[in-house]
>>> print(open('model02.txt').read())   # compact mmCIF, C-alpha atoms and all ligand atoms
# COMPACT_ATOMS: atom_id res chain seq x y z
CA MET Q 1 -21.17 -172.65 -6.78
CA LYS Q 2 -24.86 -172.45 -6.07
CA LEU Q 3 -27.34 -173.16 -8.85
CA TYR Q 4 -30.67 -171.39 -9.03
CA MET Q 5 -33.52 -171.89 -11.48
CA CYS Q 6 -36.29 -169.44 -12.27
CA ARG Q 7 -39.54 -171.34 -11.80
CA LYS Q 8 -41.25 -169.21 -14.42
CA CYS Q 9 -38.86 -169.34 -17.41
CA GLY Q 10 -36.57 -172.25 -16.46
CA THR Q 11 -33.33 -170.25 -16.71
CA VAL Q 12 -30.52 -171.75 -14.62
CA ILE Q 13 -27.77 -169.55 -13.22
CA GLU Q 14 -24.58 -170.33 -11.34
CA THR Q 15 -23.69 -167.86 -8.61
CA ALA Q 16 -21.50 -167.65 -5.54
CA SER Q 17 -23.88 -165.30 -3.77
CA GLY Q 18 -27.56 -164.79 -4.46
CA PRO Q 19 -29.33 -164.27 -7.77
CA SER Q 20 -30.68 -160.89 -8.78
CA GLY Q 21 -34.36 -160.29 -9.41
CA SER Q 22 -33.86 -159.00 -12.92
CA SER Q 23 -36.71 -159.12 -15.39
CA CYS Q 24 -38.05 -162.51 -16.51
CA PRO Q 25 -39.00 -163.16 -20.16
CA GLN Q 26 -42.25 -164.64 -18.79
CA GLY Q 27 -43.13 -161.25 -17.27
CA GLY Q 28 -42.30 -159.55 -14.00
CA ASN Q 29 -39.12 -160.59 -12.21
CA HIS Q 30 -37.48 -164.01 -12.12
CA ILE Q 31 -38.52 -166.15 -9.14
CA TRP Q 32 -35.40 -168.09 -8.20
CA ASN Q 33 -35.38 -171.46 -6.44
CA LEU Q 34 -32.18 -173.01 -5.13
CA LEU Q 35 -31.34 -176.25 -6.98
CA THR Q 36 -28.11 -177.14 -5.22
CA ASN Q 37 -25.41 -175.57 -3.07
CA ASP Q 38 -22.58 -177.29 -4.90
CA GLY Q 39 -23.04 -177.56 -8.64
CA SER Q 40 -22.35 -176.12 -12.06
CA THR Q 41 -24.04 -175.57 -15.40
CA VAL Q 42 -21.03 -177.14 -17.15
CA ALA Q 43 -19.29 -180.50 -16.64
CA LYS Q 44 -16.55 -180.45 -13.99
CA PRO Q 45 -14.54 -183.18 -12.26
CA GLY Q 46 -16.36 -184.54 -9.21
CA LEU Q 47 -19.79 -183.38 -10.34
CA ILE Q 48 -22.53 -185.78 -11.45
CA PRO Q 49 -24.82 -184.89 -14.39
CA PHE Q 50 -28.53 -184.88 -13.52
CA MET Q 51 -31.40 -184.29 -15.94
CA CYS Q 52 -34.99 -183.51 -15.02
CA LYS Q 53 -37.19 -185.84 -17.05
CA LYS Q 54 -40.03 -183.30 -16.99
CA CYS Q 55 -38.37 -180.04 -18.10
CA GLY Q 56 -35.20 -181.54 -19.64
CA THR Q 57 -32.86 -179.30 -17.65
CA LEU Q 58 -29.32 -180.68 -17.33
CA VAL Q 59 -27.16 -179.63 -14.37
CA TYR Q 60 -24.01 -180.94 -12.73
CA ALA Q 61 -24.00 -181.40 -8.96
CA LYS Q 62 -22.37 -183.31 -6.12
CA GLN Q 63 -25.74 -184.75 -5.13
CA ARG Q 64 -29.30 -184.85 -6.44
CA PRO Q 65 -30.62 -181.28 -6.82
CA ASN Q 66 -33.72 -180.08 -4.98
CA ALA Q 67 -37.04 -181.13 -6.48
CA THR Q 68 -38.80 -177.83 -5.85
CA GLN Q 69 -40.79 -176.03 -8.54
CA CYS Q 70 -40.26 -177.57 -11.97
CA PRO Q 71 -41.33 -175.11 -14.71
CA SER Q 72 -43.26 -178.06 -16.25
CA GLY Q 73 -45.39 -178.29 -13.10
CA GLY Q 74 -44.94 -179.93 -9.71
CA GLY Q 75 -41.43 -180.90 -8.66
CA HIS Q 76 -38.38 -181.77 -10.74
CA VAL Q 77 -37.67 -185.48 -11.28
CA TRP Q 78 -33.88 -185.67 -11.42
CA ASN Q 79 -32.22 -188.71 -12.99
CA ARG Q 80 -28.51 -189.37 -13.20
CA VAL Q 81 -27.38 -189.34 -16.81
ZN ZN Z 1 -37.46 -166.14 -15.22
ZN ZN Z 2 -37.86 -180.05 -14.06
>>> encode(input="model02.txt", output="structure tokens")
Amino acid sequence: MKLYMCRKCGTVIETASGPSGSSCPQGGNHIWNLLTNDGSTVAKPGLIPFMCKKCGTLVYAKQRPNATQCPSGGGHVWNRV
């Protein structure tokens, strides 16, 4: 499954298609950035846990997620955990 994060509120969603632009708690609509094409928000066999040391987000993915648009500013810094 694909993982997307809203760069405004930090919400992570898991979706097979594309995310919807529903309303963001930070105002307006969510602005989704793709984190990885093959990941999950929960632990699964074959997926590696990665945590961003800036925003603290934990995701599970086959490889290091994209660094684009950390809600804490700049890009995510993903570390294997
Ligand atoms: Zn949002
Ligand atoms: Zn981050």
>>> closest_atom_pairs(input="model02.txt", of="chain Q", to="ligand ZN 2 (chain Z)", cutoff="9 Å", atoms="only C-alpha atoms and all ligand atoms", output="tab-separated table")
residue	atom	partner	partner_atom	distance
Q:Gly10	CA	Z:ZN2	ZN	8.3
Q:Met51	CA	Z:ZN2	ZN	8.0
Q:Cys52	CA	Z:ZN2	ZN	4.6
Q:Lys53	CA	Z:ZN2	ZN	6.6
Q:Lys54	CA	Z:ZN2	ZN	4.9
Q:Cys55	CA	Z:ZN2	ZN	4.1
Q:Gly56	CA	Z:ZN2	ZN	6.4
Q:Thr57	CA	Z:ZN2	ZN	6.2
Q:Ala67	CA	Z:ZN2	ZN	7.7
Q:Thr68	CA	Z:ZN2	ZN	8.6
Q:Gln69	CA	Z:ZN2	ZN	7.4
Q:Cys70	CA	Z:ZN2	ZN	4.0
Q:Pro71	CA	Z:ZN2	ZN	6.1
Q:Ser72	CA	Z:ZN2	ZN	6.2
Q:Gly73	CA	Z:ZN2	ZN	7.8
Q:Gly74	CA	Z:ZN2	ZN	8.3
Q:Gly75	CA	Z:ZN2	ZN	6.5
Q:His76	CA	Z:ZN2	ZN	3.8
Q:Val77	CA	Z:ZN2	ZN	6.1
Q:Trp78	CA	Z:ZN2	ZN	7.4
>>> residues_near_ligand(input="model02.txt", ligand="ligand ZN 1 (chain Z)", cutoff="12 Å", atoms="all atoms listed in the file", output="VMD selection string")
chain Q and resid 4 to 13 19 to 33 71
>>> write_last_selection(input="model02.txt", atoms="C-alpha atoms", output="PDB file, in the frame of the given file")
ATOM      1  CA  TYR Q   4     -30.670-171.390  -9.030  1.00  0.00           C
ATOM      2  CA  MET Q   5     -33.520-171.890 -11.480  1.00  0.00           C
ATOM      3  CA  CYS Q   6     -36.290-169.440 -12.270  1.00  0.00           C
ATOM      4  CA  ARG Q   7     -39.540-171.340 -11.800  1.00  0.00           C
ATOM      5  CA  LYS Q   8     -41.250-169.210 -14.420  1.00  0.00           C
ATOM      6  CA  CYS Q   9     -38.860-169.340 -17.410  1.00  0.00           C
ATOM      7  CA  GLY Q  10     -36.570-172.250 -16.460  1.00  0.00           C
ATOM      8  CA  THR Q  11     -33.330-170.250 -16.710  1.00  0.00           C
ATOM      9  CA  VAL Q  12     -30.520-171.750 -14.620  1.00  0.00           C
ATOM     10  CA  ILE Q  13     -27.770-169.550 -13.220  1.00  0.00           C
ATOM     11  CA  PRO Q  19     -29.330-164.270  -7.770  1.00  0.00           C
ATOM     12  CA  SER Q  20     -30.680-160.890  -8.780  1.00  0.00           C
ATOM     13  CA  GLY Q  21     -34.360-160.290  -9.410  1.00  0.00           C
ATOM     14  CA  SER Q  22     -33.860-159.000 -12.920  1.00  0.00           C
ATOM     15  CA  SER Q  23     -36.710-159.120 -15.390  1.00  0.00           C
ATOM     16  CA  CYS Q  24     -38.050-162.510 -16.510  1.00  0.00           C
ATOM     17  CA  PRO Q  25     -39.000-163.160 -20.160  1.00  0.00           C
ATOM     18  CA  GLN Q  26     -42.250-164.640 -18.790  1.00  0.00           C
ATOM     19  CA  GLY Q  27     -43.130-161.250 -17.270  1.00  0.00           C
ATOM     20  CA  GLY Q  28     -42.300-159.550 -14.000  1.00  0.00           C
ATOM     21  CA  ASN Q  29     -39.120-160.590 -12.210  1.00  0.00           C
ATOM     22  CA  HIS Q  30     -37.480-164.010 -12.120  1.00  0.00           C
ATOM     23  CA  ILE Q  31     -38.520-166.150  -9.140  1.00  0.00           C
ATOM     24  CA  TRP Q  32     -35.400-168.090  -8.200  1.00  0.00           C
ATOM     25  CA  ASN Q  33     -35.380-171.460  -6.440  1.00  0.00           C
ATOM     26  CA  PRO Q  71     -41.330-175.110 -14.710  1.00  0.00           C
TER      27      PRO Q  71
END
>>> atom_distance(input="model02.txt", atom1="CA of Thr15 (chain Q)", atom2="CA of Leu3 (chain Q)")
6.4 Å
>>> closest_residue(input="model02.txt", among="Q:Arg80, Q:Asn66, Q:Glu14, Q:Leu58", to="Ser40 (chain Q)", atoms="all atoms listed in the file")
Q:Glu14
>>> atom_distance(input="model02.txt", atom1="CA of Lys62 (chain Q)", atom2="CA of Ala16 (chain Q)")
15.7 Å
>>> atom_distance(input="model02.txt", atom1="CA of Leu34 (chain Q)", atom2="CA of Ile48 (chain Q)")
17.2 Å
>>> axis_aligned_box(input="model02.txt", around="region 23-35 of chain Q", padding_each_side="5 Å", output="AutoDock Vina command-line options")
--center_x -37.2 --center_y -167.7 --center_z -12.6 --size_x 21.8 --size_y 27.1 --size_z 25.0
